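So the structure is just underneath, and the comments pick up after that.
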Amino acid sequence: MSAQIIDGKQVSTEVRERVADEVAEFIAGGGHQPVLATVLVGDDPASHVYVANKLKACKAAGIGSVHHELPAETNQRDLITLVRALGDDDGIDGILVQLPPPDHIDADAVIAAINPAKDVDGLTATNAGLLAGGRPGLVPCTPAGVIELLDHAGTELEGAEAVIVGRSNLVGRPLISLLLGRNATVTAAHSRTRDLPAVCQRADVLVAAVGVPGLLGAEHVKPGATVIDVGINRTDDGLKGDVDFDQVVEVAGAITPVPGGVGPMTIAMLMANTLEAARARSLAKVWG
Ligand code: NAD
């Protein structure tokens with residue numbers, strides 16, 4: 001029997017509508033309009049499309065935006081000066097530096113310059129540490145979107161065996177903490193894992209965040225498991241996930257497609273994080 005398809009487009013629309021309602025409520029209750037600052041360095045066409053989509057989503061959610069576009073030859077010091085200035089600017093709630101920057105810029109140094117209270121990508125050491133410690137903070141958007149999809153699909157996480165394939169700072173590692181926080185039994189698999197099919201076969205919830213098209217096939221999936229495919233791989237046959245969808249859809253209980261699964265969730269969660277940052281900053285002003 002074919003798996004239930006988890007529709008990321010639909011869930012992301014619901015999240016964005018919910019955020020728009022909450023932004024309106026926040027403002028009606030005396031709050032300020034949340035504002036996201038985006039910073040884009042260079043001419044990478046894909047990055048331009050991503051940022052344009054983020055700015056469009058802000059508008060639809062009633063979130064203000066300020067966009068900074070810098071030439072490819074911008075030096076690291078000037079970029080960091082801008083990011084620090086945005087961190088000090090009381091009119092800005094969220095800072096998003098579109099990654100990756102050009103090769104001559106060290107992304108880690110730029111991330112370290114982001115004010116953690118405005119770190120809506122959840123990438124600073126402060127927010128990563130809070131998440132690892134199970135404390136509240138700003139959570140990276142893609143892993144937060146994965147949890148939203150699992151909740152939407154009604155997947156039981158408490159006590160479930162969850163296997164995450166991939167351990168990047170952007171996706172795999174934050175997911176370990178998020179799933180632990182939901183009382184799943186979490187296994188992190190990666191490029192040195194000895195018997196990947198056997199490890200994955202244990203999973204009630206299997207998340208692929210690798211970057212290798214079609215890596216996980218039917219032999220990796222326990223019948224009835226929920227499979228979340230974070231992979232976005234450009235191939236000659238178009239966009240492909242890390243999961244061989246045609247095989248796995250016949251084994252899994254529920255599965256996200258690529259495109260139209262995790263992808264649309266990232267922007268939706270960015271909107272949610274920007275509102276959360278605005279709320280937290282507004283409370284901090286009241287309570288000091
Ligand atoms: P990454 O390259 O930083 O990390 C890949 C991870 O996969 C590593 O931890 C590595 O150990 C593991 N890995 C590599 N080969 C493996 C193998 N053969 N077997 C098991 N593990 C292996 O990647 P990332 O930034 O986490 O991105 C992963 C995928 O998710 C990419 O396709 C990326 O495009 C996609 N992605 C999508 C979104 C989104 O939907 N918005 C966001 C971020 C990343």
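Residue names in the structure tokens use chain letters A, B, ... in the order shown, residue numbers from 1 in each chain, and ligand numbers from 1 in the order shown.
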Quiz item: Contacts of A:Asp93 at 9 Å or less, counting only C-alpha atoms, minus same-chain residues fewer than 2 places along, as a ChimeraX atom specification?
Solution: /A:34-37,86-87,89-91,95,117-120,274-275,277-279,281
Practice problem: Give the residues close to ligand 1, within 9 Å, counting only C-alpha atoms and all ligand atoms; write them as a count of residues only. | Solution: 45
Practice problem: One decimal, Å: what's the distance from atom CA of A:His220 over to atom CA of A:Cys200, could you say? | Solution: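 Atom CA of A:Cys200 lies at a distance of 5.2 Å from atom CA of A:His220.
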Quiz item: Between A:Pro197, A:Lys285, A:Thr81, A:Ala160, which one has atoms that come closest to A:Ala225, using only C-alpha atoms?
Solution: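 Answer, going by the shortest atom-to-atom distance: A:Ala160.
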Self-check item: Test item: residues at most 10 Å from A:Thr13, only C-alpha atoms, excluding those fewer than 4 positions along its chain, as a list in words
Solution: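 Answer for this query is Gly8, Lys9, Glu17, Arg18, Val19, Pro264, Met265 and Ala268 of chain A.
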